[in-house]
Structures are given as structure tokens and as C-alpha cells.
>>> print(open('input_30.txt').read())   # compact mmCIF, C-alpha atoms and all ligand atoms
# COMPACT_ATOMS: atom_id res chain seq x y z
CA MET J 610 68.58 -86.19 -43.90
CA ARG J 611 71.35 -85.17 -41.49
CA ARG J 612 73.74 -87.64 -43.19
CA PHE J 613 72.78 -86.19 -46.55
CA TRP J 614 73.74 -82.67 -45.48
CA ALA J 615 76.94 -83.91 -43.78
CA LEU J 616 77.92 -85.57 -47.06
CA SER J 617 76.87 -82.45 -48.91
CA PHE J 618 79.11 -80.31 -46.70
CA SER J 619 82.07 -82.57 -47.29
CA LEU J 620 81.55 -82.55 -51.02
CA LEU J 621 81.01 -78.81 -50.87
CA MET J 622 84.46 -78.29 -49.38
CA THR J 623 85.98 -80.42 -52.14
CA TRP J 624 84.08 -78.40 -54.67
CA PHE J 625 85.21 -75.07 -53.18
CA ALA J 626 88.80 -76.10 -53.88
CA PHE J 627 87.89 -76.99 -57.45
CA ALA J 628 85.66 -73.99 -58.02
CA SER J 629 88.21 -71.51 -56.73
CA ALA J 630 90.29 -72.37 -59.79
CA SER J 631 87.44 -72.25 -62.29
CA GLU J 632 84.40 -70.12 -62.96
CA VAL J 633 80.97 -71.49 -62.08
CA ILE J 634 78.65 -69.86 -64.57
CA VAL J 635 75.04 -68.76 -64.68
CA ILE J 636 73.54 -69.09 -68.16
CA ALA J 637 70.41 -67.06 -68.86
CA HIS J 638 68.15 -69.64 -70.53
CA ARG J 639 66.30 -67.85 -73.36
CA GLY J 640 67.20 -64.62 -71.51
CA ALA J 641 65.49 -63.82 -68.23
CA CYS J 642 62.45 -65.70 -69.49
CA GLY J 643 61.05 -66.20 -66.01
CA TYR J 644 60.17 -62.50 -66.12
CA LEU J 645 59.83 -61.45 -69.76
CA PRO J 646 58.89 -63.31 -72.98
CA GLU J 647 61.69 -65.64 -74.07
CA HIS J 648 64.34 -64.61 -76.59
CA THR J 649 63.41 -60.93 -76.69
CA LEU J 650 66.02 -58.19 -76.38
CA GLU J 651 64.20 -57.06 -73.25
CA ALA J 652 64.63 -60.52 -71.68
CA TYR J 653 68.30 -60.56 -72.67
CA ALA J 654 68.92 -57.10 -71.21
CA LEU J 655 67.24 -58.05 -67.95
CA ALA J 656 69.32 -61.24 -67.77
CA TYR J 657 72.43 -59.13 -68.19
CA GLY J 658 71.31 -56.80 -65.42
CA LEU J 659 70.48 -59.68 -63.09
CA GLY J 660 74.07 -60.89 -63.32
CA ALA J 661 74.17 -63.61 -65.98
CA ASP J 662 77.60 -64.77 -67.09
CA PHE J 663 76.33 -66.02 -70.44
CA ILE J 664 73.11 -65.37 -72.36
CA GLU J 665 71.53 -68.14 -74.39
CA PRO J 666 69.87 -67.63 -77.74
CA ASP J 667 68.34 -70.63 -79.50
CA LEU J 668 68.84 -70.05 -83.22
CA VAL J 669 66.92 -70.80 -86.42
CA LEU J 670 67.21 -69.31 -89.91
CA THR J 671 64.89 -67.04 -91.85
CA ASN J 672 64.19 -67.53 -95.55
CA ASP J 673 66.83 -64.92 -96.35
CA GLY J 674 69.46 -66.66 -94.25
CA VAL J 675 69.43 -64.56 -91.09
CA LEU J 676 69.95 -66.20 -87.70
CA ILE J 677 67.11 -65.27 -85.37
CA ALA J 678 66.53 -66.07 -81.72
CA LEU J 679 63.73 -68.62 -81.57
CA HIS J 680 63.37 -71.89 -79.69
CA ASP J 681 61.05 -73.63 -82.15
CA THR J 682 61.45 -74.02 -85.91
CA THR J 683 57.89 -72.68 -86.03
CA LEU J 684 56.50 -69.33 -84.97
CA ASP J 685 53.18 -70.66 -83.68
CA SER J 686 53.71 -70.86 -79.92
CA THR J 687 55.33 -67.50 -79.25
CA THR J 688 54.03 -65.05 -81.88
CA ASP J 689 50.87 -63.77 -83.55
CA VAL J 690 51.90 -65.21 -86.94
CA ALA J 691 48.52 -66.89 -87.52
CA GLU J 692 46.79 -63.49 -87.39
CA VAL J 693 49.40 -61.53 -89.38
CA PHE J 694 50.06 -64.12 -92.13
CA PRO J 695 47.03 -66.47 -92.02
CA ASP J 696 47.76 -68.00 -95.46
CA ARG J 697 51.39 -68.95 -94.83
CA ALA J 698 51.07 -72.21 -92.91
CA ARG J 699 52.44 -75.44 -94.39
CA GLU J 700 50.22 -78.48 -94.95
CA ASP J 701 50.74 -79.49 -91.34
CA GLY J 702 49.15 -76.22 -90.24
CA ARG J 703 52.41 -74.83 -88.79
CA PHE J 704 54.15 -71.56 -89.61
CA TYR J 705 57.86 -72.20 -90.14
CA ALA J 706 60.32 -69.36 -89.58
CA ILE J 707 62.33 -70.53 -92.57
CA ASP J 708 59.37 -69.66 -94.85
CA PHE J 709 59.50 -65.98 -93.83
CA THR J 710 61.98 -63.20 -94.56
CA LEU J 711 63.45 -61.22 -91.70
CA ALA J 712 61.36 -58.21 -92.76
CA GLU J 713 58.22 -60.32 -92.42
CA ILE J 714 59.31 -61.79 -89.11
CA LYS J 715 59.93 -58.32 -87.74
CA GLN J 716 56.22 -57.58 -88.28
CA LEU J 717 55.29 -60.21 -85.69
CA SER J 718 54.59 -59.60 -82.04
CA VAL J 719 56.22 -61.95 -79.53
CA GLN J 720 54.09 -63.17 -76.66
CA GLU J 721 54.66 -65.37 -73.66
CA ARG J 722 54.85 -69.04 -74.71
CA ARG J 723 51.55 -70.91 -75.13
CA GLY J 724 51.12 -74.66 -74.72
CA ALA J 725 49.43 -77.02 -77.17
CA ASP J 726 46.07 -76.09 -75.62
CA GLY J 727 46.66 -72.41 -76.38
CA GLU J 728 46.96 -71.53 -72.70
CA PRO J 729 50.08 -69.92 -71.19
CA ALA J 730 52.74 -72.57 -70.69
CA PHE J 731 53.86 -70.83 -67.45
CA PRO J 732 50.75 -69.18 -65.93
CA SER J 733 52.60 -66.98 -63.43
CA ARG J 734 54.86 -65.43 -66.06
CA PHE J 735 54.46 -62.30 -68.18
CA PRO J 736 50.81 -61.73 -69.18
CA GLN J 737 49.84 -62.55 -72.76
CA GLY J 738 49.80 -59.49 -74.99
CA ALA J 739 50.45 -57.04 -72.14
CA ALA J 740 53.28 -55.34 -74.02
CA ALA J 741 54.84 -55.36 -77.48
CA PHE J 742 57.99 -57.36 -78.16
CA GLU J 743 59.64 -58.45 -81.40
CA ILE J 744 61.81 -61.34 -82.49
CA ALA J 745 65.50 -60.54 -82.09
CA THR J 746 68.25 -61.47 -84.48
CA HIS J 747 71.40 -63.15 -83.24
CA ALA J 748 73.34 -60.08 -84.32
CA GLU J 749 71.09 -57.81 -82.26
CA LEU J 750 71.73 -59.96 -79.18
CA ILE J 751 75.48 -59.82 -79.74
CA GLU J 752 75.42 -56.05 -80.18
CA LEU J 753 73.37 -55.69 -76.99
CA VAL J 754 75.77 -57.85 -74.97
CA GLN J 755 78.90 -56.26 -76.39
CA GLY J 756 77.46 -52.78 -75.85
CA MET J 757 76.60 -53.57 -72.22
CA ASN J 758 80.03 -55.12 -71.75
CA HIS J 759 81.44 -51.77 -72.88
CA THR J 760 79.30 -49.74 -70.49
CA SER J 761 79.58 -52.08 -67.50
CA GLY J 762 83.14 -53.29 -67.81
CA ARG J 763 81.90 -56.86 -67.47
CA ASN J 764 82.62 -59.66 -69.94
CA VAL J 765 79.33 -61.47 -70.36
CA GLY J 766 79.37 -64.16 -73.02
CA ILE J 767 76.89 -65.73 -75.39
CA TYR J 768 75.81 -69.36 -75.55
CA PRO J 769 74.08 -69.92 -78.93
CA GLU J 770 72.29 -73.17 -79.72
CA LEU J 771 71.82 -74.34 -83.30
CA LYS J 772 68.24 -75.61 -83.40
CA ALA J 773 67.50 -78.53 -85.75
CA PRO J 774 70.63 -78.11 -87.89
CA SER J 775 70.04 -81.33 -89.89
CA TRP J 776 66.47 -80.19 -90.66
CA HIS J 777 67.79 -76.81 -91.81
CA ALA J 778 70.29 -78.62 -94.09
CA GLU J 779 67.42 -80.70 -95.55
CA GLU J 780 65.62 -77.42 -96.23
CA GLY J 781 68.69 -76.28 -98.17
CA MET J 782 69.92 -73.91 -95.44
CA PRO J 783 72.88 -75.36 -93.49
CA MET J 784 73.46 -73.29 -90.39
CA GLU J 785 77.02 -73.95 -89.30
CA GLU J 786 78.92 -71.74 -91.76
CA ILE J 787 76.47 -68.89 -91.25
CA LEU J 788 76.91 -69.06 -87.47
CA LEU J 789 80.71 -69.19 -87.59
CA ALA J 790 80.85 -66.28 -90.04
CA GLU J 791 78.62 -64.18 -87.81
CA LEU J 792 80.55 -65.02 -84.66
CA SER J 793 83.83 -64.25 -86.41
CA ALA J 794 82.47 -60.90 -87.64
CA TYR J 795 81.84 -59.95 -84.01
CA GLY J 796 85.24 -61.13 -82.83
CA TYR J 797 84.36 -64.52 -81.40
CA GLU J 798 87.24 -66.70 -82.54
CA GLY J 799 89.54 -69.23 -80.91
CA PRO J 800 89.33 -71.44 -77.83
CA ASP J 801 89.27 -68.56 -75.33
CA ALA J 802 86.37 -66.66 -76.89
CA ARG J 803 83.58 -65.78 -74.46
CA VAL J 804 81.16 -68.15 -76.21
CA PHE J 805 79.92 -71.73 -76.09
CA VAL J 806 78.21 -73.14 -79.18
CA GLN J 807 75.75 -75.90 -78.29
CA SER J 808 73.69 -78.48 -80.16
CA PHE J 809 71.66 -81.62 -79.57
CA GLU J 810 73.14 -82.94 -82.84
CA PHE J 811 76.66 -84.35 -82.55
CA GLU J 812 77.09 -84.26 -86.34
CA SER J 813 76.55 -80.50 -86.26
CA LEU J 814 79.34 -80.09 -83.70
CA GLU J 815 81.54 -82.29 -85.91
CA ARG J 816 80.70 -80.06 -88.86
CA LEU J 817 81.72 -76.98 -86.88
CA ARG J 818 85.11 -78.58 -86.18
CA GLU J 819 85.45 -79.61 -89.85
CA LEU J 820 84.95 -75.96 -90.72
CA GLY J 821 87.99 -75.22 -88.59
CA THR J 822 86.53 -73.54 -85.54
CA GLU J 823 88.37 -73.70 -82.24
CA LEU J 824 85.44 -72.18 -80.33
CA PRO J 825 84.24 -74.02 -77.21
CA LEU J 826 81.51 -76.50 -78.16
CA VAL J 827 78.90 -78.16 -75.92
CA MET J 828 77.04 -81.39 -76.62
CA LEU J 829 73.48 -81.42 -75.26
CA ILE J 830 72.51 -84.78 -73.81
CA TRP J 831 69.38 -86.17 -72.17
CA SER J 832 69.09 -89.94 -72.62
CA PRO J 833 70.52 -92.69 -70.39
CA ASP J 834 72.23 -93.87 -73.60
CA HIS J 835 74.21 -90.62 -73.49
CA ALA J 836 75.55 -91.37 -70.01
CA THR J 837 78.00 -94.17 -70.85
CA GLU J 838 81.81 -94.11 -70.98
CA GLU J 839 81.61 -94.87 -74.71
CA ALA J 840 79.25 -91.97 -75.31
CA PHE J 841 81.50 -89.60 -73.37
CA ASP J 842 84.52 -90.76 -75.36
CA ARG J 843 82.57 -89.72 -78.46
CA TRP J 844 81.46 -86.33 -77.12
CA ALA J 845 85.04 -85.58 -76.06
CA THR J 846 86.35 -85.90 -79.63
CA VAL J 847 84.83 -82.53 -80.47
CA ALA J 848 83.13 -81.02 -77.41
CA ASN J 849 84.55 -78.98 -74.54
CA GLY J 850 81.51 -79.59 -72.42
CA VAL J 851 78.19 -81.34 -72.07
CA GLY J 852 74.82 -79.81 -71.37
CA PRO J 853 72.77 -82.54 -69.72
CA TRP J 854 69.07 -82.48 -68.97
CA LYS J 855 69.12 -82.07 -65.19
CA GLY J 856 67.11 -85.28 -64.77
CA LEU J 857 70.03 -87.17 -66.27
CA VAL J 858 72.37 -85.74 -63.62
CA GLU J 859 69.82 -86.59 -60.93
CA ALA J 860 69.57 -90.19 -62.14
CA SER J 861 73.26 -90.61 -62.98
CA PRO J 862 75.38 -88.11 -61.01
CA GLU J 863 78.50 -89.90 -62.24
CA VAL J 864 78.13 -88.13 -65.58
CA VAL J 865 79.76 -85.08 -63.99
CA GLY J 866 82.90 -87.05 -63.17
CA MET J 867 82.85 -88.69 -66.59
CA ALA J 868 82.92 -85.25 -68.15
CA HIS J 869 85.55 -83.82 -65.81
CA GLU J 870 87.84 -86.83 -66.40
CA ARG J 871 87.80 -85.89 -70.06
CA GLY J 872 88.38 -82.19 -69.42
CA MET J 873 84.80 -81.25 -70.22
CA GLN J 874 82.56 -78.86 -68.31
CA VAL J 875 79.00 -79.72 -67.25
CA HIS J 876 76.12 -77.23 -67.64
CA PRO J 877 72.73 -78.83 -66.89
CA TRP J 878 69.32 -77.39 -67.83
CA THR J 879 66.80 -76.02 -66.94
CA PHE J 880 66.34 -74.57 -63.43
CA ARG J 881 62.96 -72.90 -62.91
CA ALA J 882 61.61 -71.43 -59.67
CA ASP J 883 58.06 -72.00 -60.91
CA VAL J 884 58.54 -75.64 -62.01
CA LEU J 885 60.32 -77.55 -59.26
CA PRO J 886 60.99 -81.29 -59.04
CA ALA J 887 59.09 -82.89 -56.14
CA LYS J 888 62.26 -83.55 -54.12
CA TYR J 889 63.26 -79.87 -53.97
CA PRO J 890 61.01 -77.48 -51.99
CA THR J 891 62.81 -74.42 -53.40
CA ILE J 892 65.03 -73.53 -56.34
CA GLU J 893 67.70 -72.53 -53.83
CA GLN J 894 67.86 -76.07 -52.46
CA GLU J 895 67.89 -77.50 -55.96
CA LEU J 896 70.71 -75.23 -57.10
CA MET J 897 72.72 -75.79 -53.90
CA THR J 898 72.59 -79.52 -54.59
CA TYR J 899 73.73 -79.19 -58.18
CA PHE J 900 76.54 -76.78 -57.30
CA GLY J 901 77.59 -78.35 -54.02
CA VAL J 902 76.83 -82.07 -54.37
CA TYR J 903 76.78 -82.87 -58.07
CA LEU J 904 79.61 -80.37 -58.68
CA VAL J 905 78.38 -78.94 -61.97
CA ASP J 906 80.25 -76.06 -63.59
CA GLY J 907 77.24 -73.91 -64.41
CA VAL J 908 73.50 -73.98 -64.90
CA PHE J 909 70.94 -72.89 -67.46
CA THR J 910 68.18 -71.08 -65.63
CA ASP J 911 65.09 -69.00 -66.36
CA PHE J 912 65.76 -67.19 -63.06
CA VAL J 913 69.26 -65.74 -63.18
CA ASP J 914 68.77 -63.79 -59.97
CA ASP J 915 68.13 -66.97 -57.98
CA ALA J 916 71.28 -68.67 -59.27
CA VAL J 917 73.43 -65.57 -58.66
CA ARG J 918 72.04 -65.27 -55.12
CA VAL J 919 72.82 -68.93 -54.38
CA LEU J 920 76.37 -68.57 -55.67
CA ARG J 921 76.81 -65.44 -53.54
CA GLY J 922 75.57 -67.37 -50.53
CA MET J 923 78.19 -70.02 -51.25
CA GLY J 924 80.89 -67.34 -51.40
CA LEU J 925 81.37 -67.63 -55.13
CA ARG J 926 80.20 -64.14 -56.16
O1 LIG S 1 70.23 -75.57 -74.57
C1 LIG S 1 70.05 -76.05 -73.29
C2 LIG S 1 68.59 -76.13 -73.08
O2 LIG S 1 68.10 -74.87 -73.43
C3 LIG S 1 68.01 -77.19 -73.95
O3 LIG S 1 66.65 -77.12 -73.93
O4 LIG S 1 64.69 -76.98 -75.32
O5 LIG S 1 65.27 -75.11 -73.80
O6 LIG S 1 66.59 -75.50 -75.86
P1 LIG S 1 65.78 -76.12 -74.77
CA CA S 2 68.51 -74.12 -75.70
>>> encode(input="input_30.txt", output="C-alpha cells", more="lines below")
Ligand code: G3P
Ligand code: CA
Amino acid sequence: MRRFWALSFSLLMTWFAFASASEVIVIAHRGACGYLPEHTLEAYALAYGLGADFIEPDLVLTNDGVLIALHDTTLDSTTDVAEVFPDRAREDGRFYAIDFTLAEIKQLSVQERRGADGEPAFPSRFPQGAAAFEIATHAELIELVQGMNHTSGRNVGIYPELKAPSWHAEEGMPMEEILLAELSAYGYEGPDARVFVQSFEFESLERLRELGTELPLVMLIWSPDHATEEAFDRWATVANGVGPWKGLVEASPEVVGMAHERGMQVHPWTFRADVLPAKYPTIEQELMTYFGVYLVDGVFTDFVDDAVRVLRGMGLR
């Protein structure tokens, strides 16, 4: 254990030199969803107040082509759609956001996420139905962030993820052009824009480049097959960074160097104080290891305050 921390300290010093020249970012995963229901404006505002550098909306489309903040293509796990529109499920019994207009979706109440058994997915989080929340549009998130940037003088960014873009295209609703048009309308253009666009689908990132965007793009990876030199050569043709499942970094820490060698940043997900891997007694120890030993450039976390506090403790805030 002592050797581990000695090695950690040495690597930490190396990292300080690197980090002093680049920003190590805290990304609010689904907003401050450790405290408030995910992807609500309230959760985004709290994430801003807790010190997030970027706020993450997952995005899907409504039937009338509006980007909304929702993790799933269906509304089942986080809203009361089954009570409000009981006849609108597909044959598989699921309620798809793409089958509803924005006006209909705005009638729904957002609740803390439920698991397949109907029970809260995170029991210690916000109580089910204890307050009213609604689904936010991507535009509403942007206006919130830009408004708070105006009042605070900060420059918090956004980190949108296109959810299931190939499925949306099969449904006749490609997402990429809609996203780029919306980002452009709010001033997010060019390689220095305060935005990262992320996707699990490499072809969607390729499509974004084909459409001419120079915005920073991030490829989300999770499989050992994604952790090879050949795979990184492929990601680097279009992406400015990778977003690895943190278990991939744990199993193959060399992915960080593989990314850095290609000029790409590394932003692993998802750090949760209430769901810790067995080897880390606290989220602080987990985050310290990722920042100081694995040398990542940022983290997605449900608990922005924890990540900000750790970075402050390391002298980086
Ligand atoms: O986008 C990074 C991370 O959020 C990926 O996982 O399922 O929470 O979107 P998910
Ligand atoms: Ca995401």
C-alpha cells in the first residue's frame, strides 16, 4: 500500500506539470443527479452552482423534431407517462419519446429513476414524487447555462450526447443536423467552442464531421475491443477525446496514454458517491486515483461537489 501511494505521489507530480497547462474538468452527469432527478433544469442549475465546468444533457428527439434532455429513448423509467397517456405504448409496452410532441411531453412529471422492478434505482436519492419536475429541452438547458454565465461571469460549457442516433435515423429523424443547427443558433461553433459533442456511435461522429462541424467531439468507449492502438487510430480520425467507461480505465490504464499520444482528452464515467467500486472506500479516493494516477483530463460525475472538492484539495481549483 505504501509503495502504491509513493508511486501515486510521483505520478501526481508529473500530472501537476501537465495539468497546470490544461484544464481538468468536472462534467455534471445528467446534471447534479445525485441530488435532484436527472436531466431537469433544477438538477442542471444545482450542478452549475456546485461548480461544474460542463453540464451533460443526453438528447433524444420528440415527434415534432425537438431535442429534449432524456437518457432513454423511452419515457417509462423517469416519468409518469403510463398514467398520463396509457394508450400510447408501442407493441413492446414501452412509451417512446419520439411518439410524443413536445407539448405532450411537457405534460409529464419527471421522477427519480426507477429500475426494472419499479423501485428507485438509487434509494438514497431524491424521493419519488416529492416535488414536480418537467422534461427540459436542450434549448432550455443552453439558455439556463448561458444566462448563469452572464450573471456569474463564469464560462460553463455543455456536453450533449446524441442518444441512439442510428435508431433515430431508422425512425426517419436523423439527429445530427438538428443538433448542429441548434448549437450554431446559440453561438457554439468552431474548435474552441465551450462544448463537447459525444456519442457511443462512431458513425454519428463521422456524420457530424461530414456536415462540416469543427466542434470538439468525444467518442464514448467501454469494451476491451475499444482499447487497442487500431481502435484509437480510428477514434482519432474524427474525435478530440474519448469518454471511457471507468472500468475500462481501471482494467487498461494505458488507454489514457493512447489518447494523449493522439492529442485526445480522456473523460471517464460515471463517478458516484453512492455506488462505489469495492476497491475504493470513498469517492474521494476513487477520484484522486483517476486524477493523480491514471491522469485523466476530467470526469463525469453525479456528485459535482465531491469532484470540485477533490480538485481543490489537489490545488487545482
Ligand atoms: O456520456 C457519458 C456517460 O453518461 C455515458 O453513460 O448511459 O449515463 O449516458 P450514460
Ligand atoms: Ca451520457
>>> residues_near_ligand(input="input_30.txt", ligand="ligand CA 2 (chain S)", cutoff="8 Å", atoms="all atoms listed in the file", output="count of residues only")
10
>>> atom_distance(input="input_30.txt", atom1="atom CA of J:Pro853", atom2="atom CA of J:Pro877")
4.7 Å
>>> residues_around(input="input_30.txt", residues="J:Arg722", least_positions_apart="3", cutoff="7 Å", atoms="all atoms listed in the file", output="PyMOL selection string")
chain J and resi 686-687+729-730
>>> closest_residue(input="input_30.txt", among="J:Gly643, J:Gly727, J:Gly762, J:Pro783", to="J:Asn672", atoms="all atoms listed in the file")
J:Pro783
>>> residues_near_ligand(input="input_30.txt", ligand="ligand LIG 1 (chain S)", cutoff="12 Å", atoms="only C-alpha atoms and all ligand atoms", output="ChimeraX atom specification")
/J:636-640,642,647-648,664-669,678-682,767-773,805-810,826-831,851-855,875-881,907-911
>>> closest_residue(input="input_30.txt", among="J:Ala748, J:Ser718, J:Ala739, J:Pro862", to="J:Glu791", atoms="all atoms listed in the file")
J:Ala748
>>> residues_near_point(input="input_30.txt", point="(94.0, -73.1, -77.6)", cutoff="12 Å", atoms="only C-alpha atoms", output="list of chain:residue names")
J:Glu798, J:Gly799, J:Pro800, J:Asp801, J:Ala802, J:Thr822, J:Glu823, J:Leu824, J:Pro825, J:Asn849
>>> residues_around(input="input_30.txt", residues="J:Arg763", least_positions_apart="4", cutoff="12 Å", atoms="only C-alpha atoms", output="ChimeraX atom specification")
/J:657-658,660-663,754-759,803
>>> atom_distance(input="input_30.txt", atom1="atom CA of J:Leu655", atom2="atom CA of J:Ala794")
25.1 Å
>>> axis_aligned_box(input="input_30.txt", around="stretch 777-788 of chain J", padding_each_side="3 Å", output="lines of an AutoDock Vina configuration file")
center_x = 72.3
center_y = -74.8
center_z = -92.8
size_x = 19.3
size_y = 17.8
size_z = 16.7
>>> residues_near_point(input="input_30.txt", point="(73.8, -76.9, -59.0)", cutoff="12 Å", atoms="all atoms listed in the file", output="JSON, numbers by chain")
{"J": [617, 621, 624, 633, 634, 635, 855, 858, 859, 862, 865, 875, 876, 877, 878, 879, 880, 892, 893, 894, 895, 896, 897, 898, 899, 900, 901, 902, 903, 904, 905, 906, 907, 908, 909, 910, 915, 916, 917, 919, 920, 923]}
>>> atom_distance(input="input_30.txt", atom1="atom CA of J:Ser631", atom2="atom CA of J:Thr891")
26.3 Å
>>> closest_residue(input="input_30.txt", among="J:Ala641, J:Ile677, J:Leu684, J:Val765", to="J:Leu659", atoms="all atoms listed in the file")
J:Ala641
